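The structure appears right after this line, and notes come after that.
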Amino acid sequence: MTDINTKIELICFIANLLKDTNHVAVGAASPIPGAAALLAKEVYGSPRHVNILGSVKNNFFTNGAQELFDCAAQGRIDAFFLSGGQIDGSANINLMGVGDYPTNSPRWSGTFGSAYLYFLIPKVILFREEHSRRVLVDKVDFISAPGASEDNIYRTGGPYGLLTNKAFFKFNKQTRRFSLQSIHEGSSLEDILNNTGFSFDYQPNTPQTVLSSQKMRQTLQQNTRPKIEEVYPQFARTLFANTEQTS
Amino acid sequence: MTTSLRELVAHIESGMSVAVPTDYSGVAMSAIREIIRQDIKKLHLIGVPTCGLQAELLIGAGAVEVFESSALTLGEYNPAPCFSRAVKNSTIKLIDATCPAIHAALQASQKGIPFMPLRGIIGSDLLNHHPNWKTIQNPLAEQEDPIVIIPAIKPDFALFHAPLVDEHGNVWVGRRKELVTMSQASRGALVTAEKLYEGNLLEDEKLAAGTLPSLYVTASAVTPNGSWPLSFWHGRDEDSEHLKLYCKMAKTEEGFREYLDQFVFQEVSQ
């Protein structure tokens with residue numbers, strides 16, 4: 001599968017995870033989740049509301065940057081996306097950097113809203129294209145946001161699953177472990193085991209990820225495309241580079 | 001009532017704390033370069049709630065003592081070279097936070113109260129390293145309910161770029177209410193604006209709803225293109241070529257000095 005086709009499959013896969021939501025918020029530098037949320041809205045009519053941080057047209061907040069966080073704390077956001085320079089087997093994420101804080105090297109951007117939103121949004125989808133032992137580690141060097149909390153901690157949200165360019169895992173809140181759900185075309189169980197730095201639950205006969213429907217890809221090309229172009233022009237150019245004539 | 005950029009920036013003294021907005025909210029880049037030209041040092045810079053090129057430049061120029069924010073990101077131009085060097089060599093003090101905590105700290109100051117409680121955070125390593133956050137028992141709950149309290153942040157100044165300022169010193173920020181929060185939380189706001197509005201912003205009901213009254217504004221300067229090379233939400237795209245050039249030059253300390261010479265020190269103060 002080409003890189004572009006992989007991205008299209010990821011967008012369609014995420015869109016299918018969002019069809020039971022009403023309001024999806026997306027961080028600024030997240031073109032694939034952003035495209036997926038816009039596609040789900042197009043195909044399923046749900047989510048009804050999509051808010052893309054940093055966008056002017058696809059952002060309806062009028063009470064400033066704080067409104068996203070107020071909204072989350074009230075339970076008004078159903079799904080969100082987080083990523084990590086490191087993600088471990090307990091779904092802890094590290095956005096701070098490698099090595100000991102505060103002199104991390106490399107130092108990444110920082111924790112953003114993760115230490116809060118991870119607690120308060122019911123369906124947080126961890127999304128990181130790179131599937132390697134560098135990223136999927138046994139234990140993160142810095143916990144920007146923990147995957148699970150003790151029972152006495154107020155927590156209405158958390159990790160739903162982890163999607164990479166090789167596979168999709170679901171997170172089990174009780175066992176605090178990931179379980180492999182499906183393997184994308186081009187990868188294999190052996191490949192996943194070799195490239196994952198944490199232990200996880202799996203069935204020897206884990207199914208292959210179902211490919212997107214022709215209809216969904218068509219909607220993406222024809223209806224969602226202009227909206228994606230508006231928010232992520234560079235990304236849209238790459239994604240639809242080969243389809244200039246057909247659409 | 002508006003002033004020159006030079007006079008606007010002269011309000012900032014070395015050692016002061018300055019709150020600045022995130023890249024999409026209106027960044028006063030002209031003023032940031034003027035801070036460097038005026039050799040203002042030891043700033044406590046607060047990125048609301050994250051920060052980008054402005055922090056990167058100020059840190060590289062040695063103007064920042066404390067950097068308090070939830071992230072420093074150059075978006076698709078990451079990693080930020082000067083910030084990475086400063087962290088590695090411990091030349092700045094870091095206070096790492098999470099976005100809603102920065103907002104909450106400013107809201108506490110805005111309301112004149114000592115702290116604001118905030119959900120989440122417990123179990124994050126941020127809490128172990130942050131110098132001021134505390135976990136308390138929710139005093140209203142009968143069962144165990146730990147909650148983090150975020151002390152108020154009261155910056156000396158809020159500094160940002162807005163679409164409009166009028167002759168009375170009122171500033172139109174539209175729906176960017178975080179700019180209002182920042183300004184009301186601070187001792188005062190220093191604002192560069194794209195255009196001068198003829199008349200009084202408060203006399204038009206539609207504009208008044210998005211207007212920061214001059215009560216909160218210490219000084220304002222009309223500075224067209226004031227967010228360059230960053231984009232401006234009210235009408236301009238980023239200068240991608242320049243940002244690429246920056247990243248290329250700032251890779252080395254020498255290259256960064258050259259960038260400052262060429263694009264900061266040779267720029268004429270307005």
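Following the order of the structure tokens, first chain is A, next is B, and so on, with residues numbered from 1 inside each chain and ligands from 1 in the order they appear.
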- Message: Please identify the strand (DSSP E) residues within range 61-144 of chain B (assignment by DSSP from backbone atoms) and present them as a PyMOL selection string.
- Response: chain B and resi 64-69+93-96+115-118+134-137
- Pull out every residue of chain A sitting within 9 Å of chain B, counting only C-alpha atoms, and send them as a ChimeraX atom specification. /A:28-29,53-56,61-66,68-70,73,96,101-120,142-146,148-149,152-155
Skipping near chain neighbours, those fewer than 5 positions away, what residues fall within 9 Å of Ala19 in chain B using only C-alpha atoms, listed as a compact mmCIF listing (two decimals) with all heavy atoms, in the first residue's frame?
# COMPACT_ATOMS: atom_id res chain seq x y z
N HIS B 44 10.20 36.91 32.46
CA HIS B 44 9.42 35.72 32.79
C HIS B 44 8.31 35.68 31.74
O HIS B 44 7.38 36.48 31.78
CB HIS B 44 8.86 35.86 34.22
CG HIS B 44 8.00 34.70 34.64
ND1 HIS B 44 7.92 34.31 35.95
CD2 HIS B 44 7.20 33.85 33.95
CE1 HIS B 44 7.07 33.27 36.03
NE2 HIS B 44 6.63 32.98 34.83
N LEU B 45 8.48 34.79 30.78
CA LEU B 45 7.57 34.76 29.63
C LEU B 45 6.50 33.70 29.87
O LEU B 45 6.82 32.54 30.18
CB LEU B 45 8.36 34.45 28.36
CG LEU B 45 7.62 34.64 27.04
CD1 LEU B 45 7.36 36.12 26.78
CD2 LEU B 45 8.44 34.05 25.89
N ILE B 46 5.24 34.10 29.73
CA ILE B 46 4.14 33.16 29.94
C ILE B 46 3.41 32.96 28.62
O ILE B 46 2.83 33.88 28.06
CB ILE B 46 3.16 33.71 31.01
CG1 ILE B 46 3.91 33.92 32.33
CG2 ILE B 46 1.98 32.75 31.22
CD1 ILE B 46 3.40 35.09 33.12
N GLY B 47 3.47 31.76 28.10
CA GLY B 47 2.82 31.43 26.83
C GLY B 47 1.39 30.97 27.10
O GLY B 47 1.18 29.99 27.80
N VAL B 48 0.43 31.69 26.55
CA VAL B 48 -0.98 31.45 26.87
C VAL B 48 -1.72 30.79 25.70
O VAL B 48 -2.06 31.47 24.75
CB VAL B 48 -1.68 32.78 27.25
CG1 VAL B 48 -3.12 32.54 27.66
CG2 VAL B 48 -0.92 33.50 28.35
N PRO B 155 0.60 38.61 35.50
CA PRO B 155 1.74 39.13 34.73
C PRO B 155 1.80 40.65 34.82
O PRO B 155 0.80 41.31 35.10
CB PRO B 155 1.42 38.71 33.30
CG PRO B 155 0.30 37.71 33.39
CD PRO B 155 -0.44 38.05 34.64
N ASP B 156 3.00 41.19 34.61
CA ASP B 156 3.10 42.65 34.52
C ASP B 156 2.34 43.13 33.29
O ASP B 156 1.57 44.07 33.37
CB ASP B 156 4.58 43.06 34.42
CG ASP B 156 5.28 42.89 35.76
OD1 ASP B 156 4.83 43.52 36.74
OD2 ASP B 156 6.27 42.12 35.84
N PHE B 157 2.58 42.46 32.17
CA PHE B 157 1.90 42.89 30.95
C PHE B 157 1.40 41.70 30.12
O PHE B 157 1.99 40.63 30.16
CB PHE B 157 2.84 43.71 30.05
CG PHE B 157 3.12 45.08 30.59
CD1 PHE B 157 4.40 45.41 31.04
CD2 PHE B 157 2.12 46.04 30.67
CE1 PHE B 157 4.66 46.67 31.55
CE2 PHE B 157 2.38 47.31 31.18
CZ PHE B 157 3.66 47.62 31.62
N ALA B 158 0.31 41.94 29.42
CA ALA B 158 -0.10 41.06 28.32
C ALA B 158 0.35 41.77 27.04
O ALA B 158 0.20 42.98 26.94
CB ALA B 158 -1.60 40.86 28.32
N LEU B 159 0.91 41.04 26.11
CA LEU B 159 1.41 41.64 24.87
C LEU B 159 0.89 40.84 23.68
O LEU B 159 1.12 39.64 23.60
CB LEU B 159 2.95 41.61 24.88
CG LEU B 159 3.66 42.00 23.58
CD1 LEU B 159 3.43 43.47 23.24
CD2 LEU B 159 5.16 41.71 23.68
N PHE B 160 0.13 41.51 22.79
CA PHE B 160 -0.41 40.78 21.64
C PHE B 160 -0.72 41.72 20.48
O PHE B 160 -0.64 42.95 20.60
CB PHE B 160 -1.67 40.00 22.05
CG PHE B 160 -2.81 40.84 22.58
CD1 PHE B 160 -3.75 41.38 21.73
CD2 PHE B 160 -2.91 41.09 23.95
CE1 PHE B 160 -4.80 42.16 22.22
CE2 PHE B 160 -3.96 41.87 24.45
CZ PHE B 160 -4.90 42.40 23.59
N MET B 182 -6.23 37.43 29.39
CA MET B 182 -4.81 37.78 29.60
C MET B 182 -4.66 39.22 30.06
O MET B 182 -3.89 39.53 30.98
CB MET B 182 -4.05 37.68 28.27
CG MET B 182 -3.48 36.35 27.95
SD MET B 182 -2.94 36.31 26.21
CE MET B 182 -1.79 37.66 26.13
N SER B 183 -5.39 40.11 29.39
CA SER B 183 -5.25 41.55 29.67
C SER B 183 -5.79 41.90 31.04
O SER B 183 -5.19 42.65 31.80
CB SER B 183 -5.99 42.36 28.61
OG SER B 183 -5.51 42.04 27.33
N SER B 186 -3.54 40.78 33.84
CA SER B 186 -2.25 41.47 33.94
C SER B 186 -2.43 42.87 34.52
O SER B 186 -3.55 43.38 34.60
CB SER B 186 -1.61 41.60 32.56
OG SER B 186 -1.48 40.34 31.96
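Residue nearest Tyr216 in chain B, chosen from B:Gly199, B:Gly62, B:Gly188, B:Gly15 and counting only C-alpha atoms: B:Gly188.
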- Residues flagged helix (DSSP H, G or I) by DSSP in range 1-152 of chain A, as a ChimeraX atom specification: /A:3-17,31-44,67-73,114-120
- Message: I want to know what sits within 10 Å of Leu260 in chain B, based on only C-alpha atoms, with residues of the same chain fewer than 2 positions away left out; could you give that as a PyMOL selection string?
- Response: chain B and resi 33+36-37+57+60-61+246+249-250+254-258+262-267
Include C-alpha atoms and write out the residues we just selected as a JSON list (two decimals), in the first residue's frame.
[["chain", "number", "residue", "atom", "x", "y", "z"],
["B", 33, "ARG", "CA", 11.90, 42.06, 17.76],
["B", 36, "ILE", "CA", 15.41, 42.25, 21.53],
["B", 37, "ARG", "CA", 16.62, 45.57, 20.08],
["B", 57, "LEU", "CA", 13.41, 34.17, 19.31],
["B", 60, "GLY", "CA", 17.66, 32.53, 21.52],
["B", 61, "ALA", "CA", 18.41, 36.20, 22.12],
["B", 246, "TYR", "CA", 14.67, 30.81, 10.03],
["B", 249, "MET", "CA", 19.72, 29.60, 9.91],
["B", 250, "ALA", "CA", 18.95, 28.90, 13.57],
["B", 254, "GLU", "CA", 26.25, 31.31, 14.78],
["B", 255, "GLY", "CA", 23.48, 31.05, 12.21],
["B", 256, "PHE", "CA", 20.97, 32.35, 14.75],
["B", 257, "ARG", "CA", 23.22, 35.37, 15.50],
["B", 258, "GLU", "CA", 23.31, 36.06, 11.79],
["B", 262, "GLN", "CA", 19.85, 40.52, 9.44],
["B", 263, "PHE", "CA", 16.17, 40.48, 10.47],
["B", 264, "VAL", "CA", 16.08, 42.03, 13.95],
["B", 265, "PHE", "CA", 18.93, 44.50, 14.46],
["B", 266, "GLN", "CA", 18.83, 45.91, 10.95],
["B", 267, "GLU", "CA", 15.08, 46.47, 11.13]]
- Query: Interatomic distance between CA of Ser182 in chain A and CA of Lys166 in chain A?
  - Reply: 8.9 Å
- Message: Just the number, please: distance in Å from CA of Thr192 in chain B to CA of Leu106 in chain B, one decimal.
- Response: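 So the two atoms, CA of Thr192 in chain B and CA of Leu106 in chain B, lie 21.0 Å apart.
Excluding Tyr197 in chain B itself and same-chain residues fewer than 5 positions from it, the residues having an atom within 12 Å of it are Thr2, Ala162, Pro163, Leu164, Val165, Asp166, Glu167, His168, Gly169, Asn170, Val171, Trp172, Leu202, Glu203, Asp204, Leu207, Thr211 and Val222 of chain B, counting only C-alpha atoms.
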- Note on the structure: Ile192 in chain A proximity check over A:Ser132, A:Val24, A:Ile228, A:Lys123, using only C-alpha atoms: winner is A:Ser132
- Query: Distance CA of Phe80 in chain A-CA of Gly161 in chain A, one decimal place?
  - Reply: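 Atom-to-atom, CA of Phe80 in chain A to CA of Gly161 in chain A, that is 11.4 Å.
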